[in-house]
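Asker: Quick one: this structure, given as structure tokens, is what I'll be asking you about.
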Amino acid sequence: MSQPILDSDLFVTFCKGVVSRHEGNWPPTEEELADEFAAFFLLDLVVLEESLALCKRVGIHVSIAPLPEGLHGINGSHGQNREVLLSTKEAFPGGKFHTLLHELRELLEYTFCDLGYPIVQSQELEIHAEEFASIARMNGANKAIEFLFEAANKVETNWKRWLAFAASIVFGYAYVLSCGMHSRLEDAMIRYKQNTQH
Ligand SMILES: [Zn+2]
């Protein structure tokens with residue numbers, strides 16, 4: 001049986017790309033890193049399944065198992081072997097997705113360290129991984145909300161259109177609140193208005 005083709009080097013290629021783009025002004029912010037991560041791997045970052053598929057593609061083994069209380073996930077890396085273990089329990093809806101992004105950020109950091117370009121001090125990695133996961137999910141939510149607004153705008157009957165807008169806002173608030181910051185929804189709405197006012 002033939003082995004599946006893995007793009008494990010892509011993980012390293014991505015990190016090398018970040019280094020080359022930001023070398024003169026190192027380190028990049030978590031926002032820049034999250035943006036470049038989504039763009040490089042063509043991710044929408046709205047659902048867990050998409051990130052699981054990415055892990056499979058780049059050869060990161062992800063499993064889900066019961067973990068001690070308070071532990072949402074762990075990761076390990078040895079050379080090109082990378083592994084993530086997610087807790088069966090979710091602290092909040094979308095918790096597994098958030099944790100997976102958190103663990104991926106930590107794995108990225110190990111690769112940056114191997115390349116000689118650490119982004120953070122090891123004791124700060126936890127905070128940065130959380131920030132990265134929140135930003136990545138919120139960027140994904142912004143795109144999804146803009147898409148819903150666009151779809152709502154195309155509804156022809158007036159009251160149905162407003163209902164669709166309302167549904168988009170309810171979805172957006174629920175999602176963005178789960179990401180930990182609701183100001184992003186306002187940003188998305190402002191940007192949507194600016195984009196449609198010409
Ligand atoms: Zn962590």
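Labeling convention for the structure tokens: chains A, B, ... as they appear, residues from 1 per chain, ligands from 1 in order of appearance.
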As number ranges by chain, please: all residues of chain A that backbone DSSP puts in alpha helix (DSSP H).
Answerer: A: 8-22, 30-40, 48-58, 95-114, 125-153, 158-179, 183-196
Asker: Any residue with an atom at most 10 Å from ligand 1 counts, using only C-alpha atoms and all ligand atoms. Which are they? Put them as a list in words.
Answerer: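 Residues lying within 10 Å of ligand 1: Leu71, His72, Gly73, Ile74, Asn75, Thr99, Leu100, Leu101, His102, Glu103, Leu104, Arg105, Glu106, Leu107, Glu124, Leu125, Glu126, Ile127, His128, Ala129 and Glu130 of chain A.
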Asker: Do you have the atom CA of Ser51 of chain A-atom CA of Glu146 of chain A distance handy?
Answerer: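 Here the two named atoms are 20.9 Å from each other.
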Asker: Report the closest atom pair, with its distance in Å rounded to one decimal, for each residue of segment 66-170 of chain A that has an atom no farther than 9 Å from segment 26-47 of chain A; count only C-alpha atoms, sort by chain and then rising residue number, and write it as a Markdown table.
Answerer:
```
| residue | atom | partner | partner_atom | distance |
| --- | --- | --- | --- | --- |
| A:Gly94 | CA | A:Val47 | CA | 8.1 |
| A:Phe97 | CA | A:Val47 | CA | 7.0 |
| A:Arg105 | CA | A:Ala34 | CA | 8.9 |
| A:Tyr117 | CA | A:Pro27 | CA | 8.2 |
| A:Pro118 | CA | A:Pro27 | CA | 8.0 |
| A:Ile119 | CA | A:Pro27 | CA | 5.4 |
| A:Val120 | CA | A:Pro27 | CA | 8.2 |
| A:His128 | CA | A:Glu30 | CA | 7.0 |
| A:Ala129 | CA | A:Glu30 | CA | 8.4 |
| A:Glu131 | CA | A:Glu30 | CA | 6.8 |
| A:Phe132 | CA | A:Glu30 | CA | 5.4 |
| A:Ala133 | CA | A:Ala34 | CA | 8.0 |
| A:Ile135 | CA | A:Glu31 | CA | 6.4 |
| A:Ala136 | CA | A:Ala34 | CA | 5.3 |
| A:Arg137 | CA | A:Leu45 | CA | 5.8 |
| A:Met138 | CA | A:Leu45 | CA | 8.4 |
| A:Asn139 | CA | A:Leu45 | CA | 7.6 |
| A:Gly140 | CA | A:Leu45 | CA | 4.7 |
| A:Ala141 | CA | A:Val46 | CA | 6.2 |
| A:Lys143 | CA | A:Asp44 | CA | 7.6 |
| A:Ala144 | CA | A:Val46 | CA | 7.5 |
```
Asker: Would you save the residues of that selection, restricted to N, CA and C atoms, as a PDB file, in the first residue's frame?
Answerer:
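Result file is selection_1.pdb:
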```pdb
ATOM      1  N   GLY A  94     -16.769  25.222  20.895  1.00  0.00           N
ATOM      2  CA  GLY A  94     -15.621  25.600  20.067  1.00  0.00           C
ATOM      3  C   GLY A  94     -14.310  25.470  20.823  1.00  0.00           C
ATOM      4  N   PHE A  97     -11.509  23.456  19.073  1.00  0.00           N
ATOM      5  CA  PHE A  97     -10.956  24.213  17.948  1.00  0.00           C
ATOM      6  C   PHE A  97      -9.945  25.246  18.471  1.00  0.00           C
ATOM      7  N   ARG A 105       0.059  26.874  17.607  1.00  0.00           N
ATOM      8  CA  ARG A 105       0.940  28.042  17.810  1.00  0.00           C
ATOM      9  C   ARG A 105       2.196  27.635  18.582  1.00  0.00           C
ATOM     10  N   TYR A 117      15.014  31.613  15.350  1.00  0.00           N
ATOM     11  CA  TYR A 117      14.224  32.844  15.447  1.00  0.00           C
ATOM     12  C   TYR A 117      13.054  32.694  16.412  1.00  0.00           C
ATOM     13  N   PRO A 118      13.319  32.524  17.703  1.00  0.00           N
ATOM     14  CA  PRO A 118      12.183  32.434  18.626  1.00  0.00           C
ATOM     15  C   PRO A 118      11.381  33.737  18.600  1.00  0.00           C
ATOM     16  N   ILE A 119      10.074  33.617  18.773  1.00  0.00           N
ATOM     17  CA  ILE A 119       9.232  34.819  18.797  1.00  0.00           C
ATOM     18  C   ILE A 119       9.029  35.277  20.233  1.00  0.00           C
ATOM     19  N   VAL A 120       8.898  34.323  21.143  1.00  0.00           N
ATOM     20  CA  VAL A 120       8.650  34.686  22.549  1.00  0.00           C
ATOM     21  C   VAL A 120       9.589  33.930  23.479  1.00  0.00           C
ATOM     22  N   HIS A 128       0.897  33.908  24.536  1.00  0.00           N
ATOM     23  CA  HIS A 128       0.914  34.174  23.099  1.00  0.00           C
ATOM     24  C   HIS A 128       0.081  33.142  22.332  1.00  0.00           C
ATOM     25  N   ALA A 129       0.130  31.878  22.774  1.00  0.00           N
ATOM     26  CA  ALA A 129      -0.643  30.837  22.091  1.00  0.00           C
ATOM     27  C   ALA A 129      -2.144  31.114  22.240  1.00  0.00           C
ATOM     28  N   GLU A 131      -3.460  34.117  22.667  1.00  0.00           N
ATOM     29  CA  GLU A 131      -3.744  35.294  21.845  1.00  0.00           C
ATOM     30  C   GLU A 131      -3.885  34.889  20.375  1.00  0.00           C
ATOM     31  N   PHE A 132      -2.947  34.053  19.921  1.00  0.00           N
ATOM     32  CA  PHE A 132      -2.960  33.580  18.538  1.00  0.00           C
ATOM     33  C   PHE A 132      -4.276  32.854  18.233  1.00  0.00           C
ATOM     34  N   ALA A 133      -4.684  31.949  19.141  1.00  0.00           N
ATOM     35  CA  ALA A 133      -5.911  31.169  18.911  1.00  0.00           C
ATOM     36  C   ALA A 133      -7.124  32.093  18.846  1.00  0.00           C
ATOM     37  N   ILE A 135      -7.217  35.378  18.113  1.00  0.00           N
ATOM     38  CA  ILE A 135      -7.168  36.230  16.917  1.00  0.00           C
ATOM     39  C   ILE A 135      -7.518  35.416  15.676  1.00  0.00           C
ATOM     40  N   ALA A 136      -6.944  34.218  15.570  1.00  0.00           N
ATOM     41  CA  ALA A 136      -7.193  33.385  14.387  1.00  0.00           C
ATOM     42  C   ALA A 136      -8.679  33.078  14.259  1.00  0.00           C
ATOM     43  N   ARG A 137      -9.331  32.732  15.384  1.00  0.00           N
ATOM     44  CA  ARG A 137     -10.759  32.402  15.336  1.00  0.00           C
ATOM     45  C   ARG A 137     -11.591  33.639  15.015  1.00  0.00           C
ATOM     46  N   MET A 138     -11.190  34.776  15.584  1.00  0.00           N
ATOM     47  CA  MET A 138     -11.962  35.997  15.325  1.00  0.00           C
ATOM     48  C   MET A 138     -11.821  36.456  13.882  1.00  0.00           C
ATOM     49  N   ASN A 139     -10.627  36.307  13.316  1.00  0.00           N
ATOM     50  CA  ASN A 139     -10.458  36.646  11.901  1.00  0.00           C
ATOM     51  C   ASN A 139     -11.362  35.768  11.048  1.00  0.00           C
ATOM     52  N   GLY A 140     -11.417  34.477  11.421  1.00  0.00           N
ATOM     53  CA  GLY A 140     -12.287  33.543  10.711  1.00  0.00           C
ATOM     54  C   GLY A 140     -13.743  33.970  10.847  1.00  0.00           C
ATOM     55  N   ALA A 141     -14.128  34.387  12.066  1.00  0.00           N
ATOM     56  CA  ALA A 141     -15.512  34.811  12.310  1.00  0.00           C
ATOM     57  C   ALA A 141     -15.836  36.059  11.504  1.00  0.00           C
ATOM     58  N   LYS A 143     -14.696  36.961   8.666  1.00  0.00           N
ATOM     59  CA  LYS A 143     -14.937  36.593   7.264  1.00  0.00           C
ATOM     60  C   LYS A 143     -16.311  35.946   7.125  1.00  0.00           C
ATOM     61  N   ALA A 144     -16.658  35.077   8.090  1.00  0.00           N
ATOM     62  CA  ALA A 144     -17.947  34.380   8.023  1.00  0.00           C
ATOM     63  C   ALA A 144     -19.093  35.383   8.155  1.00  0.00           C
TER      64      ALA A 144
END
```
Asker: In chain A, what's strand (DSSP E) per DSSP? Answer as a PyMOL selection string?
Answerer: chain A and resi 60-65+73-78+81-87
Asker: For atom CA of Ile64 of chain A and atom CA of Ala91 of chain A, determine how far apart the two atoms are, in Å to one decimal place.
Answerer: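 Result for atom CA of Ile64 of chain A versus atom CA of Ala91 of chain A: 14.2 Å, one decimal.
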Asker: One number please: atom CA of Ala53 of chain A to atom CA of Thr111 of chain A, in Å, one decimal.
Answerer: 20.1 Å
Asker: Of the residues A:Thr157, A:Gln123, A:Ser87, A:Ser168, which is the one nearest to Ile145 of chain A, using only C-alpha atoms?
Answerer: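 For Ile145 of chain A, the nearest of the candidates is A:Ser168.
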Asker: A:Arg57, A:Gly79, A:Gly95, A:Phe165: which is nearest Asp114 of chain A, counting only C-alpha atoms?
Answerer: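 Looking only at the distances to Asp114 of chain A, the closest residue turns out to be A:Gly79.
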Asker: For Cys15 of chain A, which residue among A:Pro66, A:Pro93, A:Gly116, A:Gly59 is the nearest when counting only C-alpha atoms?
Answerer: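 Of A:Pro66, A:Pro93, A:Gly116, A:Gly59, the one nearest Cys15 of chain A is A:Gly116, counting only C-alpha atoms.
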